[in-house]
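Step one of this worksheet: look at the structure below.
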Amino acid sequence: MRVLVTGGAGFIGSAVCRQLVSEAGATVVNIDKLTYAANLASLASIDGTSCYRFEQHDICDQEAVNSLFARWEPSAVIHLAAESHVDRSITGSATFIGTNIVGTYTLLEAARRYYDGLPHPRRKQFRFIHVSTDEVYGSLDSLDSFGRFREDTAYRPSSPYSASKAASDHLALAWYKTYGLPVIVSNCSNNYGPFQFPEKLIPLTILNAMEYKPLPVYGDGSNVRDWLYVEDHAAGLIKLLFEGRPGEKYNFGGDSERSNLEVVNQICDVLDRLCPGSARRRSLIAFVPDRPGHDARYAIDASKAHRELGWQPTRSFEQGLADTVDWYFARGASWLAWARNGVYDGARLGLLATQH
Ligand SMILES: NC(=O)c1ccc[n+]([C@@H]2O[C@H](COP(=O)([O-])OP(=O)(O)OC[C@H]3O[C@@H](n4cnc5c(N)ncnc54)[C@H](O)[C@@H]3O)[C@@H](O)[C@H]2O)c1
């Protein structure tokens, strides 16, 4: 099986590439533009093997994407390339519209042309997995504080990021309904784990706490997310290739709802045990102005993935977070050097002019 993975140099995409090559025995062609969020070091364990190829391209480039399908003749696509940080979408939405909407459209069109030309047995096998987020469903506070997102929950996106992902989900499913392209959409909750760019809550907090820097918490820290270890998400996406039904949506979540403040407190406690200092790290917590349009709560009902794919998360949040802290702790200095290499200095992103 040859899988064309987009965004494979990113956080989740690299986990997908590693698992496809090392565990699923697939060949991977990774198409990535290498934006600020990409890190080729995350692919070191498979780079140089005969089962892995890298192609630096923009998924918005129709000609390049068409020729990649013609050259590599994939049996499946796992599409992860995206602009992925909500805060950046608030102050710079154009690239989100470009990559997440136009890029997905470009890829769907190339896949459709390629699929239409495939002989019957290969058409039967072909899959296009469109990787999306639970953020498309909006905030649960406006629906039911005990409810969870199901695959048939209506879309109510709040941020430019989630609106652009919602648009891409609609395009992907329209390409199934109208053109018969065997698309499957996944909507996953917040991921955490190794190799995540440190603008996101968990790596940012770990790295700041390691250096005894302030730990910014948005608003009062009560916003709730459902956390899933990245390797568990990657395993679910690979299961979709074999067990998922075209035209369907599948939710993935860790059944691990935590408020942002709980997450930050837990990171502080793990690091205090690992590397005790003069003061408890919880004292570094600094409440900062809330994110505009910040959704209060996300929670996933993943029972369809459990039932139809036989998928389950393998790590508890406590175990996964301890492993993640260990990972960043072991690589702290080099990881920071990469992340701050003129690209990101750890500063607050996504504030409106009126909030400064
Ligand atoms: N991180 C999460 O918690 C989470 C949760 C659910 C779903 N998702 C979705 O999973 C996917 C991957 O998320 P991530 O956290 O790994 O993102 P990321 O920001 O870490 O990586 C994105 C990758 O896409 C590449 N990319 C960006 N624009 C591109 C373009 N125009 N052409 C080609 N490559 C491009 C980047 O270089 C990068 O390697 C996204 O579609 C995201 O919406 C993320």
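Identifiers in this document derive from the order of the structure tokens: chains are assigned A, B, ..., residues are numbered from 1 separately in each chain, and ligands are numbered from 1 in order of occurrence.
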>> Just want the 7 Å neighbourhood of Arg225 of chain A, counted on only C-alpha atoms, with same-chain residues fewer than 2 positions away dropped. Output as JSON, numbers by chain.
In response: {"A": [190, 223, 227, 257, 258, 259, 297, 298, 299]}
> Would you name the residues within 8 Å of ligand 1, counting only C-alpha atoms and all ligand atoms, and put them as a ChimeraX atom specification?
Replying inline: /A:6-14,31-39,56-60,79-85,98-100,103,130-135,165,187-192,196-197
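Each of A:Leu108, A:Tyr212, A:Pro313, A:Ile46 was compared to Ser278 of chain A using only C-alpha atoms, and A:Tyr212 turns out to be the nearest.
For the pair atom CA of Leu351 of chain A and atom CA of Arg291 of chain A, the interatomic distance is 6.9 Å.
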> Looking only at the backbone, which of the residues in segment 144-300 of chain A does DSSP tag as alpha helix (DSSP H), as a VMD selection string?
Replying inline: chain A and resid 160 to 179 201 to 210 230 to 243 260 to 274
Please, which residues of segment 181-353 of chain A, numbered as in this document, come out strand (DSSP E or B) from DSSP, as a short mmCIF file (atom, residue, chain, number, x, y, z; two decimals) with C-alpha atoms, in the first residue's frame?
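Writing done, so here's part12.cif:
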data_model
loop_
_atom_site.label_atom_id
_atom_site.label_comp_id
_atom_site.auth_asym_id
_atom_site.auth_seq_id
_atom_site.Cartn_x
_atom_site.Cartn_y
_atom_site.Cartn_z
CA VAL A 183 -13.78 10.14 1.22
CA ILE A 184 -13.83 9.47 4.98
CA VAL A 185 -13.77 12.41 7.43
CA SER A 186 -12.32 12.18 10.93
CA ASN A 187 -13.02 14.72 13.68
CA CYS A 188 -10.60 14.45 16.56
CA ASN A 190 -7.05 17.97 21.10
CA ASN A 191 -3.86 15.96 20.61
CA TYR A 192 -0.72 16.03 22.72
CA LEU A 215 2.79 29.92 32.58
CA PRO A 216 0.06 31.81 30.71
CA VAL A 217 -3.49 30.51 31.24
CA TYR A 218 -6.26 32.09 29.13
CA VAL A 224 -12.40 22.17 28.86
CA ARG A 225 -10.81 20.03 26.14
CA ASP A 226 -10.87 16.27 25.61
CA TRP A 227 -7.22 15.15 25.26
CA LEU A 228 -5.93 12.31 23.08
CA TYR A 229 -2.36 11.03 22.84
CA LYS A 249 -17.55 10.69 9.56
CA TYR A 250 -15.74 9.26 12.61
CA ASN A 251 -15.05 11.07 15.88
CA PHE A 252 -11.88 10.31 17.84
CA GLU A 257 -11.87 15.95 29.63
CA ARG A 258 -9.69 18.39 31.56
CA SER A 259 -9.87 22.15 32.09
CA ILE A 285 0.74 30.38 36.63
CA ALA A 286 -0.34 33.75 35.21
CA PHE A 287 -3.93 34.35 34.11
CA VAL A 288 -3.94 36.36 30.86
CA ARG A 297 -16.02 22.96 26.29
CA ILE A 300 -16.19 13.62 22.04
#
Excluding segment 113-127 of chain A and residues on its chain fewer than 5 positions from it, collect all residues at most 10 Å away from it, counting only C-alpha atoms, and give them as a CSV table (one decimal) with N, CA, C and O atoms, in the first residue's frame.
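Saved result, out_19.csv, follows:
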chain,number,residue,atom,x,y,z
A,1,MET,N,0.8,-1.2,0.0
A,1,MET,CA,0.0,0.0,0.0
A,1,MET,C,0.9,1.3,0.0
A,1,MET,O,1.8,1.4,0.8
A,3,VAL,N,0.8,5.2,0.5
A,3,VAL,CA,-0.1,6.3,1.1
A,3,VAL,C,0.5,7.6,0.8
A,3,VAL,O,1.7,7.9,1.2
A,66,ASN,N,-1.3,17.5,-9.0
A,66,ASN,CA,-1.7,16.6,-10.1
A,66,ASN,C,-0.5,15.7,-10.5
A,66,ASN,O,-0.7,14.4,-10.6
A,67,SER,N,0.7,16.3,-10.6
A,67,SER,CA,1.8,15.5,-11.1
A,67,SER,C,2.3,14.5,-10.0
A,67,SER,O,2.8,13.4,-10.3
A,69,PHE,N,0.2,12.8,-7.9
A,69,PHE,CA,-0.7,11.7,-8.1
A,69,PHE,C,-0.2,10.8,-9.2
A,69,PHE,O,-0.1,9.6,-9.1
A,70,ALA,N,0.1,11.5,-10.4
A,70,ALA,CA,0.5,10.7,-11.6
A,70,ALA,C,1.8,9.9,-11.3
A,70,ALA,O,2.0,8.8,-11.7
A,73,GLU,N,1.2,7.3,-7.9
A,73,GLU,CA,0.1,6.4,-8.0
A,73,GLU,C,-0.3,5.8,-6.6
A,73,GLU,O,-0.2,4.6,-6.4
A,74,PRO,N,-0.8,6.6,-5.7
A,74,PRO,CA,-1.1,6.2,-4.4
A,74,PRO,C,-2.3,5.3,-4.3
A,74,PRO,O,-3.2,5.4,-5.2
A,75,SER,N,-2.4,4.4,-3.3
A,75,SER,CA,-3.6,3.6,-3.1
A,75,SER,C,-4.5,4.3,-2.0
A,75,SER,O,-5.6,3.9,-1.8
A,76,ALA,N,-4.0,5.4,-1.4
A,76,ALA,CA,-4.8,6.1,-0.4
A,76,ALA,C,-4.1,7.5,-0.2
A,76,ALA,O,-2.9,7.6,-0.4
A,77,VAL,N,-4.9,8.4,0.3
A,77,VAL,CA,-4.4,9.7,0.8
A,77,VAL,C,-4.9,9.9,2.2
A,77,VAL,O,-6.0,9.6,2.6
A,78,ILE,N,-3.9,10.4,3.1
A,78,ILE,CA,-4.3,10.9,4.4
A,78,ILE,C,-4.0,12.3,4.4
A,78,ILE,O,-2.8,12.7,4.4
A,108,LEU,N,-8.6,17.5,-3.4
A,108,LEU,CA,-9.8,16.7,-3.8
A,108,LEU,C,-9.9,16.6,-5.3
A,108,LEU,O,-10.2,15.6,-5.9
A,179,TYR,N,-19.2,13.2,-6.7
A,179,TYR,CA,-18.3,12.5,-7.6
A,179,TYR,C,-17.9,11.1,-7.3
A,179,TYR,O,-17.2,10.4,-8.0
A,180,GLY,N,-18.4,10.7,-6.1
A,180,GLY,CA,-18.2,9.3,-5.7
A,180,GLY,C,-16.8,9.0,-5.2
A,180,GLY,O,-16.3,7.9,-5.1
A,181,LEU,N,-16.0,10.1,-4.9
A,181,LEU,CA,-14.6,9.9,-4.4
A,181,LEU,C,-14.8,9.3,-3.0
A,181,LEU,O,-15.5,9.8,-2.2
A,182,PRO,N,-14.1,8.2,-2.7
A,182,PRO,CA,-14.3,7.5,-1.4
A,182,PRO,C,-13.6,8.2,-0.3
A,182,PRO,O,-12.6,7.8,0.3
A,183,VAL,N,-14.3,9.3,0.1
A,183,VAL,CA,-13.8,10.1,1.2
A,183,VAL,C,-14.3,9.6,2.6
A,183,VAL,O,-15.4,9.2,2.7
A,184,ILE,N,-13.4,9.7,3.6
A,184,ILE,CA,-13.8,9.5,5.0
A,184,ILE,C,-13.3,10.7,5.8
A,184,ILE,O,-12.2,11.1,5.6
A,240,LEU,N,-8.9,3.7,9.8
A,240,LEU,CA,-9.9,4.2,8.8
A,240,LEU,C,-9.6,3.7,7.4
A,240,LEU,O,-10.5,3.5,6.6
A,241,LEU,N,-8.3,3.6,7.1
A,241,LEU,CA,-7.9,3.2,5.8
A,241,LEU,C,-8.5,1.8,5.4
A,241,LEU,O,-8.9,1.5,4.3
A,242,PHE,N,-8.6,0.9,6.5
A,242,PHE,CA,-9.0,-0.4,6.2
A,242,PHE,C,-10.4,-0.7,6.6
A,242,PHE,O,-11.1,-1.5,6.0
A,244,GLY,N,-12.8,1.9,7.7
A,244,GLY,CA,-13.8,3.0,7.6
A,244,GLY,C,-14.7,2.9,6.4
A,244,GLY,O,-14.3,2.3,5.4
A,245,ARG,N,-15.9,3.4,6.5
A,245,ARG,CA,-16.8,3.3,5.4
A,245,ARG,C,-16.8,4.7,4.7
A,245,ARG,O,-17.0,5.7,5.3
A,246,PRO,N,-16.6,4.6,3.3
A,246,PRO,CA,-16.6,5.9,2.5
A,246,PRO,C,-17.9,6.7,2.7
A,246,PRO,O,-19.0,6.1,2.9
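Comparing the minimum interatomic distances between Ser93 of chain A and each of A:Ala24, A:Ala163, A:Leu237, A:Val263, counting only C-alpha atoms, we find that A:Ala163 sits nearest.
Minimum distance to Trp72 of chain A across A:Ala41, A:Ile238, A:Val102, A:Val29 (counting only C-alpha atoms) occurs at A:Val29.
Among the candidates A:Tyr176, A:Tyr137, A:Phe329, A:Phe195, the residue lying nearest to Ser159 of chain A is A:Tyr137 (atoms considered: only C-alpha atoms).
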> So how far away is atom CA of Ile90 of chain A from atom CA of Leu207 of chain A, in Å?
Replying inline: 23.9 Å
